[in-house]
>>> print(open('protein_32.cif').read())   # mmCIF, C-alpha atoms
data_structure
loop_
_atom_site.label_atom_id
_atom_site.label_comp_id
_atom_site.auth_asym_id
_atom_site.auth_seq_id
_atom_site.Cartn_x
_atom_site.Cartn_y
_atom_site.Cartn_z
CA MET A 1 -54.71 -36.21 -60.81
CA ASN A 2 -55.01 -33.35 -63.27
CA THR A 3 -53.40 -29.92 -62.96
CA HIS A 4 -56.53 -28.23 -61.66
CA GLU A 5 -56.96 -30.75 -58.84
CA ALA A 6 -53.27 -30.58 -57.91
CA LYS A 7 -53.46 -26.82 -57.65
CA ARG A 8 -56.49 -27.09 -55.37
CA VAL A 9 -54.58 -29.46 -53.09
CA LEU A 10 -51.61 -27.08 -52.93
CA GLU A 11 -53.85 -24.11 -52.23
CA THR A 12 -55.67 -25.90 -49.42
CA ALA A 13 -52.46 -27.11 -47.80
CA LEU A 14 -50.86 -23.67 -47.91
CA ILE A 15 -53.93 -21.94 -46.48
CA CYS A 16 -54.22 -24.42 -43.62
CA ALA A 17 -50.50 -24.64 -42.84
CA SER A 18 -49.30 -23.08 -39.60
CA GLN A 19 -45.89 -22.28 -41.07
CA ALA A 20 -44.15 -21.87 -44.43
CA MET A 21 -44.00 -25.02 -46.57
CA SER A 22 -41.03 -25.99 -48.74
CA ILE A 23 -41.24 -27.55 -52.19
CA ALA A 24 -40.28 -30.88 -50.60
CA ASP A 25 -43.16 -30.53 -48.12
CA LEU A 26 -45.59 -29.79 -50.91
CA ARG A 27 -44.40 -32.71 -53.02
CA ARG A 28 -45.22 -35.06 -50.14
CA LEU A 29 -48.87 -34.14 -50.63
CA PHE A 30 -48.68 -36.20 -53.81
CA ASP A 31 -46.35 -38.96 -52.55
CA ASP A 32 -43.56 -37.29 -54.57
CA THR A 33 -45.29 -38.28 -57.82
CA ILE A 34 -45.27 -34.66 -59.04
CA ALA A 35 -41.93 -33.14 -60.01
CA ALA A 36 -40.53 -30.16 -58.13
CA ASP A 37 -40.62 -28.01 -61.27
CA THR A 38 -44.31 -28.79 -61.70
CA VAL A 39 -45.03 -27.80 -58.09
CA ARG A 40 -43.16 -24.51 -58.61
CA ALA A 41 -45.15 -23.81 -61.76
CA LEU A 42 -48.44 -24.45 -59.95
CA ILE A 43 -47.36 -22.16 -57.10
CA GLU A 44 -46.68 -19.39 -59.60
CA GLU A 45 -50.17 -19.90 -60.98
CA LEU A 46 -51.58 -19.65 -57.46
CA ARG A 47 -49.65 -16.42 -56.88
CA ALA A 48 -51.22 -14.97 -60.00
CA ASP A 49 -54.69 -16.18 -58.98
CA TRP A 50 -54.42 -14.31 -55.66
CA GLN A 51 -53.22 -11.02 -57.13
CA GLY A 52 -55.42 -8.11 -56.12
CA ARG A 53 -56.80 -9.85 -53.03
CA GLY A 54 -56.20 -9.03 -49.38
CA VAL A 55 -54.06 -12.15 -48.98
CA GLU A 56 -50.98 -13.05 -51.02
CA LEU A 57 -48.79 -16.12 -51.52
CA VAL A 58 -45.17 -15.27 -50.71
CA GLN A 59 -41.84 -17.06 -50.57
CA LEU A 60 -39.95 -16.87 -47.26
CA GLY A 61 -36.77 -18.38 -45.90
CA GLN A 62 -38.24 -21.84 -45.29
CA GLY A 63 -40.75 -21.97 -48.11
CA TRP A 64 -44.14 -20.60 -49.17
CA ARG A 65 -47.10 -19.33 -47.18
CA PHE A 66 -50.22 -17.20 -47.48
CA GLN A 67 -50.17 -13.96 -45.53
CA SER A 68 -52.13 -10.74 -45.37
CA ARG A 69 -50.98 -7.78 -47.42
CA ALA A 70 -49.49 -4.77 -45.68
CA GLU A 71 -52.49 -2.55 -46.41
CA MET A 72 -54.76 -5.01 -44.57
CA GLN A 73 -52.85 -4.78 -41.29
CA PRO A 74 -54.65 -1.73 -39.81
CA PHE A 75 -57.97 -3.56 -40.18
CA LEU A 76 -56.75 -6.91 -38.86
CA GLU A 77 -55.20 -5.27 -35.81
CA ARG A 78 -58.68 -4.21 -34.71
CA LEU A 79 -59.60 -7.90 -34.43
CA TYR A 80 -56.25 -9.16 -33.16
CA PRO A 81 -54.60 -6.32 -31.23
CA GLU A 82 -50.97 -7.13 -30.57
CA LYS A 83 -49.29 -6.77 -27.21
CA PRO A 84 -45.65 -7.10 -28.19
CA GLN A 85 -43.05 -8.60 -25.91
CA LYS A 86 -40.61 -5.97 -24.70
CA TYR A 87 -37.18 -7.13 -25.76
CA SER A 88 -34.19 -5.56 -24.10
CA ARG A 89 -31.76 -3.42 -26.10
CA ALA A 90 -29.11 -6.07 -25.42
CA VAL A 91 -31.21 -8.75 -27.15
CA LEU A 92 -32.08 -6.54 -30.14
CA GLU A 93 -28.53 -5.34 -30.64
CA THR A 94 -27.08 -8.85 -30.36
CA LEU A 95 -29.58 -10.20 -32.88
CA ALA A 96 -29.00 -7.29 -35.25
CA ILE A 97 -25.21 -7.68 -35.17
CA ILE A 98 -25.50 -11.39 -35.97
CA ALA A 99 -27.94 -10.66 -38.81
CA TYR A 100 -25.72 -8.03 -40.45
CA ARG A 101 -22.21 -9.29 -39.68
CA GLN A 102 -22.69 -13.06 -39.80
CA PRO A 103 -20.96 -15.32 -39.27
CA VAL A 104 -19.68 -13.79 -36.04
CA THR A 105 -18.27 -15.06 -32.78
CA ARG A 106 -19.31 -13.98 -29.34
CA GLY A 107 -16.06 -12.04 -29.18
CA ASP A 108 -16.98 -10.16 -32.37
CA ILE A 109 -20.30 -9.14 -30.80
CA GLU A 110 -18.61 -7.96 -27.64
CA GLU A 111 -16.07 -5.96 -29.64
CA ILE A 112 -18.81 -4.17 -31.61
CA ARG A 113 -21.09 -3.51 -28.62
CA GLY A 114 -18.33 -2.73 -26.18
CA VAL A 115 -19.83 -4.94 -23.45
CA ALA A 116 -19.69 -8.58 -22.41
CA VAL A 117 -22.52 -10.63 -23.91
CA ASN A 118 -24.74 -12.32 -21.36
CA THR A 119 -24.73 -16.07 -22.05
CA GLN A 120 -28.48 -16.20 -21.46
CA ILE A 121 -29.08 -13.88 -24.43
CA ILE A 122 -27.30 -16.24 -26.82
CA ARG A 123 -29.12 -19.23 -25.32
CA GLN A 124 -32.53 -17.58 -25.69
CA LEU A 125 -31.89 -16.63 -29.30
CA GLU A 126 -30.83 -20.20 -30.04
CA GLU A 127 -33.85 -21.69 -28.27
CA ARG A 128 -36.17 -19.40 -30.19
CA GLY A 129 -34.64 -20.67 -33.42
CA TRP A 130 -33.33 -17.30 -34.63
CA ILE A 131 -29.60 -18.09 -34.48
CA GLU A 132 -27.45 -21.20 -34.71
CA VAL A 133 -23.81 -22.32 -34.66
CA ILE A 134 -22.62 -22.97 -38.21
CA GLY A 135 -18.97 -23.73 -37.50
CA HIS A 136 -15.92 -22.66 -35.57
CA ARG A 137 -13.28 -20.07 -36.36
CA GLU A 138 -9.72 -21.31 -36.75
CA ALA A 139 -8.38 -19.30 -33.85
CA PRO A 140 -7.30 -20.02 -30.28
CA GLY A 141 -10.18 -21.75 -28.51
CA ARG A 142 -11.98 -22.29 -31.87
CA PRO A 143 -14.89 -19.96 -30.97
CA ALA A 144 -18.31 -20.82 -32.36
CA LEU A 145 -19.52 -18.93 -35.43
CA LEU A 146 -23.10 -17.67 -35.09
CA ALA A 147 -25.54 -16.95 -37.91
CA THR A 148 -29.27 -16.37 -38.29
CA THR A 149 -31.65 -19.13 -39.36
CA ARG A 150 -34.42 -19.49 -41.90
CA GLN A 151 -36.86 -19.26 -39.00
CA PHE A 152 -35.53 -15.77 -38.30
CA LEU A 153 -36.30 -14.80 -41.91
CA ASP A 154 -39.78 -16.30 -41.68
CA ASP A 155 -40.56 -14.43 -38.47
CA LEU A 156 -39.50 -11.15 -40.11
CA GLY A 157 -41.42 -11.97 -43.28
CA LEU A 158 -38.29 -11.99 -45.46
CA ALA A 159 -37.20 -14.35 -48.23
CA SER A 160 -33.47 -13.74 -47.74
CA LEU A 161 -30.95 -11.62 -45.85
CA GLU A 162 -30.62 -9.45 -48.94
CA ALA A 163 -34.09 -8.11 -48.10
CA LEU A 164 -32.75 -6.43 -44.96
CA PRO A 165 -32.21 -2.68 -45.42
CA PRO A 166 -28.58 -1.58 -46.01
CA LEU A 167 -26.62 -1.17 -42.80
CA GLY A 168 -26.64 2.44 -41.69
CA GLU A 169 -29.72 3.39 -43.72
CA ARG A 170 -31.48 4.65 -40.58
CA ALA A 171 -28.85 6.16 -38.31
CA ASP A 172 -30.98 8.42 -36.10
CA PRO A 173 -30.00 7.39 -32.56
CA MET A 174 -33.45 8.38 -31.26
CA LEU A 175 -35.20 5.70 -33.31
CA GLN A 176 -36.70 2.96 -31.17
CA SER A 177 -36.78 -0.75 -31.96
CA ASP A 178 -40.52 -1.06 -31.40
CA GLY A 179 -41.06 -2.26 -34.96
CA LEU A 180 -38.83 -5.27 -34.39
CA GLN A 181 -40.43 -5.94 -31.01
CA GLN A 182 -43.89 -5.98 -32.56
CA ARG A 183 -42.84 -8.18 -35.44
CA LEU A 184 -40.91 -10.95 -33.70
CA PRO A 185 -42.83 -13.61 -31.76
CA GLU A 186 -42.39 -13.40 -28.03
CA PHE A 187 -40.22 -15.69 -25.95
CA GLY A 188 -38.89 -15.77 -22.41
CA THR A 189 -40.10 -13.06 -20.06
CA ALA A 190 -40.46 -9.31 -20.29
CA GLN A 191 -37.38 -8.90 -18.10
CA GLU A 192 -34.57 -9.81 -20.47
CA PRO A 193 -31.02 -10.34 -19.16
CA SER A 194 -28.85 -7.25 -19.27
CA ASP A 195 -25.17 -6.81 -20.06
CA ARG A 196 -22.51 -5.33 -17.89
CA PRO A 197 -22.51 -1.58 -18.59
CA ALA A 198 -19.94 -0.37 -21.10
CA GLU A 199 -17.85 2.72 -20.65
CA GLN A 200 -18.94 3.98 -24.06
CA PRO A 201 -21.56 2.09 -26.14
CA ASP A 202 -20.64 1.44 -29.75
CA ALA A 203 -22.83 3.17 -32.35
CA HIS A 204 -22.69 0.26 -34.81
CA ALA A 205 -24.92 -1.92 -32.66
CA THR A 206 -27.55 0.80 -32.30
CA VAL A 207 -27.61 1.38 -36.06
CA ALA A 208 -27.86 -2.34 -36.75
CA ALA A 209 -30.80 -2.77 -34.39
CA GLN A 210 -32.53 0.20 -36.01
CA ASP A 211 -32.02 -1.27 -39.47
CA VAL A 212 -33.53 -4.61 -38.48
CA SER A 213 -36.41 -2.67 -36.92
CA SER A 214 -36.87 -0.81 -40.21
CA SER A 215 -37.01 -4.12 -42.04
CA ALA A 216 -39.63 -5.35 -39.61
CA ARG A 217 -41.82 -2.33 -40.29
CA SER A 218 -41.59 -2.95 -44.03
CA ALA A 219 -42.59 -6.59 -43.48
CA GLN A 220 -45.85 -5.95 -41.61
CA SER A 221 -47.68 -8.13 -44.12
CA ALA A 222 -45.97 -11.17 -42.63
CA ALA A 223 -48.44 -11.14 -39.73
CA ALA A 224 -51.00 -13.31 -41.43
CA ALA A 225 -54.55 -13.73 -40.22
CA PRO A 226 -55.20 -17.06 -38.49
CA PRO A 227 -55.49 -19.87 -41.09
CA THR A 228 -58.91 -21.22 -41.92
CA HIS A 229 -59.15 -24.94 -41.27
#
>>> encode(input="protein_32.cif", output="structure tokens")
Amino acid sequence: MNTHEAKRVLETALICASQAMSIADLRRLFDDTIAADTVRALIEELRADWQGRGVELVQLGQGWRFQSRAEMQPFLERLYPEKPQKYSRAVLETLAIIAYRQPVTRGDIEEIRGVAVNTQIIRQLEERGWIEVIGHREAPGRPALLATTRQFLDDLGLASLEALPPLGERADPMLQSDGLQQRLPEFGTAQEPSDRPAEQPDAHATVAAQDVSSSARSAQSAAAAPPTH
């Protein structure tokens, strides 16, 4: 198979894929007969080929995928209007704290938010694939250490955690987290579990949730149009 044919195969697979594809995934298209460096070089050629179009080839946490560019979103939303799931503040704040302070324990989250974390919130975030246990802290009880996953990055349209905005960049307490709600795929029900009320909510959690929301707004291009099969 020559280079031109190999690039066509890669392009077709990436366009038809329902999720990001890693270099290892792409090599399997050729029974691993093409080296990883060659696949990367062909991907870079594909990225250049698609410059200036409404769709771009981007690298995310789990690999590569085609997605619509940010400036195309207003037009696509007319065809596919979104009805975002309404996540509770408890869910958004918990997810934001893990994203910015990871690895953290449940106790760390409770200390920052000033309230007890509902076990169902942690379970839902794990089931959705956004957080995972990566170890245990050497402390009494050896509490689990939580961190975000590559799936979380993919769903936000980010290649790495470094792409999140700096913590505290958007500190206006009136900002809503609607950007994050619109960006993240829905799970569970609209009625999310709530925490026990705190005597005085901690500002760090609100700021963190706002910053993740800001990142979501900047990653609107990650909502790709349905793949063409």
>>> atom_distance(input="protein_32.cif", atom1="atom CA of Ile43 of chain A", atom2="atom CA of Leu153 of chain A")
20.2 Å
>>> atom_distance(input="protein_32.cif", atom1="atom CA of Val117 of chain A", atom2="atom CA of Gly157 of chain A")
27.1 Å
>>> closest_residue(input="protein_32.cif", among="A:Glu11, A:Glu132, A:Arg40, A:Gln73", to="Gln102 of chain A", atoms="only C-alpha atoms")
A:Glu132
>>> closest_residue(input="protein_32.cif", among="A:Arg128, A:His4, A:Arg113, A:Arg106", to="Arg142 of chain A", atoms="all atoms listed in the file")
A:Arg106
>>> residues_near_point(input="protein_32.cif", point="(-41.8, -20.4, -48.7)", cutoff="10 Å", atoms="only C-alpha atoms", output="mmCIF file with C-alpha atoms, in the coordinates of the input")
data_model
loop_
_atom_site.group_PDB
_atom_site.id
_atom_site.type_symbol
_atom_site.label_atom_id
_atom_site.label_comp_id
_atom_site.auth_asym_id
_atom_site.auth_seq_id
_atom_site.Cartn_x
_atom_site.Cartn_y
_atom_site.Cartn_z
ATOM 1 C CA LEU A 14 -50.860 -23.670 -47.910
ATOM 2 C CA GLN A 19 -45.890 -22.280 -41.070
ATOM 3 C CA ALA A 20 -44.150 -21.870 -44.430
ATOM 4 C CA MET A 21 -44.000 -25.020 -46.570
ATOM 5 C CA SER A 22 -41.030 -25.990 -48.740
ATOM 6 C CA ILE A 23 -41.240 -27.550 -52.190
ATOM 7 C CA LEU A 57 -48.790 -16.120 -51.520
ATOM 8 C CA VAL A 58 -45.170 -15.270 -50.710
ATOM 9 C CA GLN A 59 -41.840 -17.060 -50.570
ATOM 10 C CA LEU A 60 -39.950 -16.870 -47.260
ATOM 11 C CA GLY A 61 -36.770 -18.380 -45.900
ATOM 12 C CA GLN A 62 -38.240 -21.840 -45.290
ATOM 13 C CA GLY A 63 -40.750 -21.970 -48.110
ATOM 14 C CA TRP A 64 -44.140 -20.600 -49.170
ATOM 15 C CA ARG A 65 -47.100 -19.330 -47.180
ATOM 16 C CA PHE A 66 -50.220 -17.200 -47.480
ATOM 17 C CA ASP A 154 -39.780 -16.300 -41.680
ATOM 18 C CA LEU A 158 -38.290 -11.990 -45.460
ATOM 19 C CA ALA A 159 -37.200 -14.350 -48.230
#
>>> atom_distance(input="protein_32.cif", atom1="atom CA of Val55 of chain A", atom2="atom CA of Ser68 of chain A")
4.3 Å
>>> closest_residue(input="protein_32.cif", among="A:Ala116, A:Ala147, A:Ile121, A:Ile34", to="Ile97 of chain A", atoms="all atoms listed in the file")
A:Ala147
>>> resolve_selection(input="protein_32.cif", expression="the PyMOL selection byres ((chain A and resi 46) around 10)", output="list in words")
Lys7, Arg8, Leu10, Glu11, Arg40, Ala41, Leu42, Ile43, Glu44, Glu45, Arg47, Ala48, Asp49, Trp50, Gln51, Glu56 and Leu57 of chain A
>>> write_last_selection(input="protein_32.cif", atoms="C-alpha atoms", output="short mmCIF file (atom, residue, chain, number, x, y, z; two decimals), in the coordinates of the input")
data_model
loop_
_atom_site.label_atom_id
_atom_site.label_comp_id
_atom_site.auth_asym_id
_atom_site.auth_seq_id
_atom_site.Cartn_x
_atom_site.Cartn_y
_atom_site.Cartn_z
CA LYS A 7 -53.46 -26.82 -57.65
CA ARG A 8 -56.49 -27.09 -55.37
CA LEU A 10 -51.61 -27.08 -52.93
CA GLU A 11 -53.85 -24.11 -52.23
CA ARG A 40 -43.16 -24.51 -58.61
CA ALA A 41 -45.15 -23.81 -61.76
CA LEU A 42 -48.44 -24.45 -59.95
CA ILE A 43 -47.36 -22.16 -57.10
CA GLU A 44 -46.68 -19.39 -59.60
CA GLU A 45 -50.17 -19.90 -60.98
CA ARG A 47 -49.65 -16.42 -56.88
CA ALA A 48 -51.22 -14.97 -60.00
CA ASP A 49 -54.69 -16.18 -58.98
CA TRP A 50 -54.42 -14.31 -55.66
CA GLN A 51 -53.22 -11.02 -57.13
CA GLU A 56 -50.98 -13.05 -51.02
CA LEU A 57 -48.79 -16.12 -51.52
#
>>> resolve_selection(input="protein_32.cif", expression="the PyMOL selection byres ((chain A and resi 107) around 10)", output="PyMOL selection string")
chain A and resi 104-106+108-113+115-117+143-145
>>> closest_residue(input="protein_32.cif", among="A:Ile131, A:Ala163, A:Thr149, A:Arg28", to="Leu95 of chain A", atoms="all atoms listed in the file")
A:Ile131
>>> resolve_selection(input="protein_32.cif", expression="the PyMOL selection byres ((chain A and resi 29-32) around 10)", output="MDAnalysis selection string")
chainID A and resid 1 6 9:10 13 24:28 33:36
>>> decode(input="protein_32.cif", residues="segment 23-36 of chain A", atoms="N, CA and C atoms", output="tab-separated table (two decimals), in the first residue's frame")
chain	number	residue	atom	x	y	z
A	23	ILE	N	-3.16	6.32	18.10
A	23	ILE	CA	-2.22	5.85	17.08
A	23	ILE	C	-2.27	4.32	17.00
A	24	ALA	N	-2.39	3.66	18.16
A	24	ALA	CA	-2.48	2.20	18.16
A	24	ALA	C	-3.73	1.72	17.41
A	25	ASP	N	-4.85	2.42	17.62
A	25	ASP	CA	-6.08	2.07	16.90
A	25	ASP	C	-5.87	2.19	15.40
A	26	LEU	N	-5.24	3.29	14.99
A	26	LEU	CA	-5.05	3.55	13.57
A	26	LEU	C	-4.08	2.56	12.94
A	27	ARG	N	-3.09	2.13	13.69
A	27	ARG	CA	-2.14	1.15	13.17
A	27	ARG	C	-2.82	-0.18	12.89
A	28	ARG	N	-3.85	-0.50	13.68
A	28	ARG	CA	-4.55	-1.77	13.47
A	28	ARG	C	-5.27	-1.81	12.12
A	29	LEU	N	-5.52	-0.64	11.54
A	29	LEU	CA	-6.12	-0.61	10.21
A	29	LEU	C	-5.22	-1.30	9.19
A	30	PHE	N	-3.93	-1.31	9.48
A	30	PHE	CA	-2.94	-1.88	8.55
A	30	PHE	C	-2.26	-3.11	9.13
A	31	ASP	N	-2.92	-3.76	10.10
A	31	ASP	CA	-2.35	-4.94	10.76
A	31	ASP	C	-0.97	-4.64	11.34
A	32	ASP	N	-0.81	-3.40	11.83
A	32	ASP	CA	0.44	-2.96	12.46
A	32	ASP	C	1.65	-3.04	11.53
A	33	THR	N	1.40	-3.04	10.22
A	33	THR	CA	2.53	-3.09	9.28
A	33	THR	C	3.11	-1.71	9.00
A	34	ILE	N	2.41	-0.66	9.42
A	34	ILE	CA	2.90	0.71	9.25
A	34	ILE	C	3.35	1.23	10.61
A	35	ALA	N	4.53	1.80	10.66
A	35	ALA	CA	5.10	2.28	11.92
A	35	ALA	C	4.29	3.44	12.49
A	36	ALA	N	4.37	3.60	13.81
A	36	ALA	CA	3.65	4.68	14.48
A	36	ALA	C	4.08	6.04	13.96
